[in-house]
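K.L.:
Pasting target_25.pdb below, which is PDB, C-alpha atoms.
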MODEL        1
ATOM      1  CA  MET A   1     -32.723  31.669  -7.537
ATOM      2  CA  SER A   2     -35.406  29.046  -7.138
ATOM      3  CA  GLU A   3     -36.760  27.938  -3.821
ATOM      4  CA  THR A   4     -35.138  24.502  -4.191
ATOM      5  CA  GLN A   5     -31.649  26.066  -4.382
ATOM      6  CA  GLU A   6     -32.031  28.012  -1.140
ATOM      7  CA  ASN A   7     -31.818  26.565   2.336
ATOM      8  CA  LYS A   8     -34.118  27.460   5.209
ATOM      9  CA  THR A   9     -32.226  30.677   5.986
ATOM     10  CA  GLY A  10     -32.945  31.960   2.509
ATOM     11  CA  LYS A  11     -29.264  32.118   1.523
ATOM     12  CA  ALA A  12     -27.751  29.739  -1.007
ATOM     13  CA  GLY A  13     -24.358  28.172  -0.165
ATOM     14  CA  VAL A  14     -24.471  28.811   3.608
ATOM     15  CA  LEU A  15     -23.698  25.863   5.878
ATOM     16  CA  ARG A  16     -26.209  25.183   8.582
ATOM     17  CA  ARG A  17     -25.291  24.004  12.058
ATOM     18  CA  SER A  18     -26.460  20.463  11.225
ATOM     19  CA  ASP A  19     -24.147  20.443   8.162
ATOM     20  CA  ILE A  20     -21.163  21.364  10.315
ATOM     21  CA  ILE A  21     -22.038  18.676  12.876
ATOM     22  CA  LEU A  22     -22.334  16.063  10.119
ATOM     23  CA  ILE A  23     -18.955  17.036   8.615
ATOM     24  CA  ALA A  24     -17.284  17.001  12.040
ATOM     25  CA  ALA A  25     -18.743  13.559  12.818
ATOM     26  CA  ALA A  26     -17.485  12.188   9.491
ATOM     27  CA  LEU A  27     -13.975  13.563  10.142
ATOM     28  CA  ILE A  28     -13.901  12.099  13.654
ATOM     29  CA  ALA A  29     -15.067   8.690  12.384
ATOM     30  CA  ALA A  30     -12.420   8.702   9.630
ATOM     31  CA  SER A  31      -9.728   9.620  12.162
ATOM     32  CA  ILE A  32     -10.746   6.808  14.505
ATOM     33  CA  ILE A  33     -10.706   4.258  11.674
ATOM     34  CA  GLY A  34      -7.292   5.471  10.470
ATOM     35  CA  LEU A  35      -5.877   5.331  13.990
ATOM     36  CA  ALA A  36      -7.222   1.803  14.485
ATOM     37  CA  PHE A  37      -5.464   0.624  11.307
ATOM     38  CA  LYS A  38      -2.231   2.328  12.345
ATOM     39  CA  LEU A  39      -2.285   0.814  15.843
ATOM     40  CA  ASN A  40      -3.052  -2.685  14.531
ATOM     41  CA  SER A  41      -0.250  -2.738  11.969
ATOM     42  CA  LYS A  42       2.993  -4.343  13.034
ATOM     43  CA  PRO A  43       6.411  -4.736  11.474
ATOM     44  CA  GLY A  44       6.590  -7.462   8.865
ATOM     45  CA  THR A  45       9.209 -10.184   8.596
ATOM     46  CA  TYR A  46       9.180 -10.942   4.864
ATOM     47  CA  ALA A  47       8.613  -9.260   1.523
ATOM     48  CA  GLU A  48       6.304 -11.624  -0.341
ATOM     49  CA  VAL A  49       6.671 -11.382  -4.133
ATOM     50  CA  ARG A  50       3.846 -12.433  -6.438
ATOM     51  CA  ILE A  51       3.813 -12.562 -10.225
ATOM     52  CA  ASN A  52       0.424 -13.079 -11.882
ATOM     53  CA  GLY A  53      -1.023 -13.683  -8.401
ATOM     54  CA  GLU A  54       1.312 -16.614  -7.638
ATOM     55  CA  VAL A  55       3.760 -16.338  -4.735
ATOM     56  CA  ILE A  56       7.213 -16.861  -6.215
ATOM     57  CA  ALA A  57       9.387 -15.864  -3.251
ATOM     58  CA  ASP A  58       9.565 -14.553   0.299
ATOM     59  CA  PHE A  59      12.583 -12.382   1.087
ATOM     60  CA  PRO A  60      13.520 -11.788   4.746
ATOM     61  CA  LEU A  61      13.514  -8.142   5.778
ATOM     62  CA  ASP A  62      16.330  -8.691   8.276
ATOM     63  CA  LYS A  63      18.877  -9.486   5.540
ATOM     64  CA  ALA A  64      20.105  -6.673   3.276
ATOM     65  CA  ALA A  65      19.990  -7.760  -0.365
ATOM     66  CA  SER A  66      18.826  -6.849  -3.838
ATOM     67  CA  TYR A  67      16.732  -9.054  -6.109
ATOM     68  CA  LEU A  68      15.892  -8.728  -9.788
ATOM     69  CA  ILE A  69      12.323  -9.887 -10.330
ATOM     70  CA  GLU A  70      11.502 -10.832 -13.925
ATOM     71  CA  ASN A  71       8.132 -11.848 -15.312
ATOM     72  CA  ASP A  72       7.464 -14.165 -18.282
ATOM     73  CA  GLU A  73       7.305 -11.263 -20.745
ATOM     74  CA  GLY A  74      10.687  -9.849 -19.707
ATOM     75  CA  GLY A  75       9.400  -7.043 -17.470
ATOM     76  CA  THR A  76      11.700  -6.393 -14.514
ATOM     77  CA  ASN A  77      11.533  -4.884 -11.038
ATOM     78  CA  LEU A  78      14.569  -4.356  -8.811
ATOM     79  CA  LEU A  79      13.716  -5.027  -5.151
ATOM     80  CA  ILE A  80      16.092  -3.632  -2.510
ATOM     81  CA  ILE A  81      15.936  -4.749   1.121
ATOM     82  CA  GLU A  82      17.877  -2.821   3.750
ATOM     83  CA  ASP A  83      17.345  -1.661   7.334
ATOM     84  CA  GLY A  84      14.276  -3.886   7.688
ATOM     85  CA  LYS A  85      12.513  -2.209   4.770
ATOM     86  CA  ALA A  86      11.809  -3.249   1.185
ATOM     87  CA  ARG A  87      11.449  -0.936  -1.793
ATOM     88  CA  VAL A  88      11.184  -1.250  -5.548
ATOM     89  CA  GLU A  89      14.199   0.725  -6.752
ATOM     90  CA  GLU A  90      13.679   0.365 -10.518
ATOM     91  CA  ALA A  91      11.017  -0.997 -12.826
ATOM     92  CA  SER A  92      10.756  -1.491 -16.573
ATOM     93  CA  CYS A  93       7.145  -0.300 -16.565
ATOM     94  CA  PRO A  94       6.286   3.094 -18.058
ATOM     95  CA  ASP A  95       4.503   4.614 -15.035
ATOM     96  CA  GLY A  96       6.783   3.645 -12.113
ATOM     97  CA  ILE A  97       3.953   3.643  -9.561
ATOM     98  CA  CYS A  98       5.576   0.685  -7.783
ATOM     99  CA  VAL A  99       8.763   2.740  -7.323
ATOM    100  CA  GLN A 100       6.729   5.612  -5.861
ATOM    101  CA  ALA A 101       5.355   3.292  -3.143
ATOM    102  CA  GLY A 102       8.573   3.965  -1.213
ATOM    103  CA  LYS A 103       9.945   1.952   1.698
ATOM    104  CA  LEU A 104       7.690  -0.806   3.037
ATOM    105  CA  SER A 105       8.062  -2.359   6.480
ATOM    106  CA  MET A 106       4.625  -2.823   8.077
ATOM    107  CA  THR A 107       2.358  -5.814   7.429
ATOM    108  CA  GLY A 108      -0.130  -5.135   4.678
ATOM    109  CA  GLN A 109       1.924  -2.476   2.909
ATOM    110  CA  SER A 110       2.499  -3.214  -0.767
ATOM    111  CA  ALA A 111       3.997  -2.010  -4.007
ATOM    112  CA  VAL A 112       2.035  -2.985  -7.102
ATOM    113  CA  CYS A 113       3.344  -2.985 -10.677
ATOM    114  CA  LEU A 114       0.369  -3.674 -12.931
ATOM    115  CA  PRO A 115       2.248  -3.619 -16.274
ATOM    116  CA  ASN A 116       4.713  -6.256 -14.997
ATOM    117  CA  ARG A 117       2.022  -8.067 -12.941
ATOM    118  CA  VAL A 118       4.256  -7.931  -9.835
ATOM    119  CA  ILE A 119       3.112  -7.363  -6.262
ATOM    120  CA  VAL A 120       5.492  -6.957  -3.324
ATOM    121  CA  GLU A 121       3.640  -7.198  -0.004
ATOM    122  CA  ILE A 122       5.010  -7.072   3.522
ATOM    123  CA  VAL A 123       3.853 -10.083   5.536
ATOM    124  CA  GLU A 124       4.554 -11.656   8.892
ATOM    125  CA  LYS A 125       5.690 -15.268   8.543
ATOM    126  CA  SER A 126       7.980 -17.671  10.279
ATOM    127  CA  SER A 127      10.954 -18.958   8.330
ATOM    128  CA  ALA A 128       9.228 -22.360   8.120
ATOM    129  CA  ASP A 129       6.267 -20.792   6.254
ATOM    130  CA  ALA A 130       8.374 -18.742   3.832
ATOM    131  CA  VAL A 131       8.700 -19.721   0.167
ATOM    132  CA  SER A 132      12.391 -20.329  -0.410
ATOM    133  CA  VAL A 133      14.161 -19.248  -3.556
ATOM    134  CA  PRO A 134      16.896 -21.322  -5.161
ATOM    135  CA  GLN A 135      20.221 -19.497  -4.856
TER     136      GLN A 135
ENDMDL
END
Could the structure of this file be written out as structure tokens, please?
P.N.:
Amino acid sequence: MSETQENKTGKAGVLRRSDIILIAAALIAASIIGLAFKLNSKPGTYAEVRINGEVIADFPLDKAASYLIENDEGGTNLLIIEDGKARVEEASCPDGICVQAGKLSMTGQSAVCLPNRVIVEIVEKSSADAVSVPQ
């Protein structure tokens, strides 16, 4: 083993005290950042739906309903809202990552379907700011 592969103790692969302190500090910093995000998130009021980056609708989370979202190429996503949470139940895309996002209820949470170019994001809006959808 060359001298460059060994640490000061002469043993390769052994963590030094400074390594352990650095790892612990990184874990503590990551925990603090994660906790700050969790504490700052609040329940959303609408599920904002975007296709190709354009907001097409805002669906209230306090009203149970299901919506079929269809893009220009015929791709579809089925959005279910119940118990103050939104989820993509079905999607015509091959990977289904948007379905795996699960139930969304906090501001900033989102389900993204890249093949269908659909994004469902939980936002906090007043009813006056919401984009209405023709019934």
K.L.:
Which residue, A:Ile32, A:Val112, A:Val120, A:Ala86, has the smallest gap to Val55 of chain A when you use all atoms listed in the file?
P.N.:
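Closest residue, counting all atoms listed in the file: A:Val120.
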K.L.:
One decimal, in Å: what's the spacing between atom CA of Ile51 of chain A and atom CA of Lys125 of chain A?
P.N.:
19.1 Å
K.L.:
With distances taken over only C-alpha atoms, which residue among A:Gly74, A:Pro60, A:Gly53, A:Gly84 lies nearest Leu104 of chain A?
P.N.:
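The answer is A:Gly84, which sits nearest to Leu104 of chain A.
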K.L.:
Could you list, as a PyMOL selection string, every residue matched by the PyMOL selection byres ((chain A and resi 61-67) around 10) in this structure?
P.N.:
chain A and resi 43-47+58-60+68-70+77-89+104-105+122-123
K.L.:
Please report the interatomic distance between atom CA of Ser18 of chain A and atom CA of Phe37 of chain A in Å with one decimal.
P.N.:
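Value for the atom CA of Ser18 of chain A-atom CA of Phe37 of chain A distance: 28.9 Å.
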K.L.:
With only C-alpha atoms as the basis for distance, which of A:Met106, A:Ala111, A:Val118, A:Ala57 is at the shortest distance from Leu39 of chain A?
P.N.:
A:Met106
K.L.:
From the options A:Ser41, A:Cys113, A:Glu124, A:Ile119, which residue's atoms come nearest to Ile56 of chain A, counting all atoms listed in the file?
P.N.:
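Of the candidates, the smallest distance to Ile56 of chain A is held by A:Ile119.
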K.L.:
Quick one: distance from atom CA of Lys103 of chain A to atom CA of Glu90 of chain A in Å, one decimal?
P.N.:
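It comes out at 12.9 Å.
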K.L.:
Lys38 of chain A: which residues within 12 Å, counting only C-alpha atoms, same-chain residues fewer than 4 positions away excluded, as an NGL selection string?
P.N.:
:A and (31-34 or 42-43 or 106-109)
K.L.:
Please put the answer as lines of an AutoDock Vina configuration file: centre and edge lengths, in Å with one decimal, of a box along x, y and z that encloses all listed atoms of segment 114-121 of chain A plus 4 Å on each side.
P.N.:
center_x = 2.9
center_y = -5.8
center_z = -8.1
size_x = 13.1
size_y = 12.4
size_z = 24.3
K.L.:
I need the residue nearest Pro115 of chain A from this list: A:Cys98, A:Cys93, A:Val14, A:Leu22. Use all atoms listed in the file for the distance.
P.N.:
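Among the listed residues, A:Cys93 lies closest to Pro115 of chain A.
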K.L.:
What would segment 41-67 of chain A look like with N, CA and C atoms in place, written as a CSV table (one decimal), in the coordinates of the input?
P.N.:
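Done, and the output landed in selection04.csv:
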chain,number,residue,atom,x,y,z
A,41,SER,N,-1.3,-2.3,12.9
A,41,SER,CA,-0.2,-2.7,12.0
A,41,SER,C,1.0,-3.0,12.8
A,42,LYS,N,1.7,-4.0,12.3
A,42,LYS,CA,3.0,-4.3,13.0
A,42,LYS,C,4.1,-4.6,12.0
A,43,PRO,N,5.3,-4.5,12.4
A,43,PRO,CA,6.4,-4.7,11.5
A,43,PRO,C,6.3,-6.1,10.9
A,44,GLY,N,6.6,-6.2,9.6
A,44,GLY,CA,6.6,-7.5,8.9
A,44,GLY,C,7.9,-8.2,9.0
A,45,THR,N,8.0,-9.4,8.6
A,45,THR,CA,9.2,-10.2,8.6
A,45,THR,C,9.7,-10.6,7.2
A,46,TYR,N,8.8,-10.6,6.2
A,46,TYR,CA,9.2,-10.9,4.9
A,46,TYR,C,8.5,-10.0,3.8
A,47,ALA,N,9.2,-9.9,2.7
A,47,ALA,CA,8.6,-9.3,1.5
A,47,ALA,C,8.2,-10.4,0.6
A,48,GLU,N,6.9,-10.6,0.5
A,48,GLU,CA,6.3,-11.6,-0.3
A,48,GLU,C,6.2,-11.1,-1.8
A,49,VAL,N,6.7,-11.8,-2.7
A,49,VAL,CA,6.7,-11.4,-4.1
A,49,VAL,C,5.7,-12.3,-4.9
A,50,ARG,N,4.8,-11.7,-5.6
A,50,ARG,CA,3.8,-12.4,-6.4
A,50,ARG,C,3.9,-11.9,-7.9
A,51,ILE,N,3.9,-12.9,-8.8
A,51,ILE,CA,3.8,-12.6,-10.2
A,51,ILE,C,2.6,-13.3,-10.7
A,52,ASN,N,1.7,-12.5,-11.4
A,52,ASN,CA,0.4,-13.1,-11.9
A,52,ASN,C,-0.4,-13.7,-10.8
A,53,GLY,N,-0.3,-13.2,-9.5
A,53,GLY,CA,-1.0,-13.7,-8.4
A,53,GLY,C,-0.4,-14.9,-7.7
A,54,GLU,N,0.7,-15.4,-8.2
A,54,GLU,CA,1.3,-16.6,-7.6
A,54,GLU,C,2.5,-16.2,-6.8
A,55,VAL,N,2.6,-16.7,-5.6
A,55,VAL,CA,3.8,-16.3,-4.7
A,55,VAL,C,5.0,-17.1,-5.3
A,56,ILE,N,6.0,-16.3,-5.7
A,56,ILE,CA,7.2,-16.9,-6.2
A,56,ILE,C,8.4,-16.8,-5.2
A,57,ALA,N,8.3,-15.9,-4.2
A,57,ALA,CA,9.4,-15.9,-3.3
A,57,ALA,C,9.0,-15.0,-2.0
A,58,ASP,N,9.6,-15.4,-0.9
A,58,ASP,CA,9.6,-14.6,0.3
A,58,ASP,C,11.0,-14.2,0.7
A,59,PHE,N,11.2,-12.9,0.8
A,59,PHE,CA,12.6,-12.4,1.1
A,59,PHE,C,12.6,-11.8,2.5
A,60,PRO,N,13.5,-12.3,3.4
A,60,PRO,CA,13.5,-11.8,4.7
A,60,PRO,C,13.9,-10.3,4.8
A,61,LEU,N,13.2,-9.6,5.6
A,61,LEU,CA,13.5,-8.1,5.8
A,61,LEU,C,14.7,-7.9,6.7
A,62,ASP,N,15.2,-8.9,7.4
A,62,ASP,CA,16.3,-8.7,8.3
A,62,ASP,C,17.7,-9.0,7.6
A,63,LYS,N,17.7,-9.2,6.3
A,63,LYS,CA,18.9,-9.5,5.5
A,63,LYS,C,19.0,-8.5,4.3
A,64,ALA,N,19.9,-7.6,4.4
A,64,ALA,CA,20.1,-6.7,3.3
A,64,ALA,C,20.5,-7.4,2.0
A,65,ALA,N,19.7,-7.1,0.9
A,65,ALA,CA,20.0,-7.8,-0.4
A,65,ALA,C,19.3,-7.0,-1.5
A,66,SER,N,19.6,-7.4,-2.7
A,66,SER,CA,18.8,-6.8,-3.8
A,66,SER,C,18.4,-8.0,-4.7
A,67,TYR,N,17.3,-8.0,-5.3
A,67,TYR,CA,16.7,-9.1,-6.1
A,67,TYR,C,16.2,-8.5,-7.4
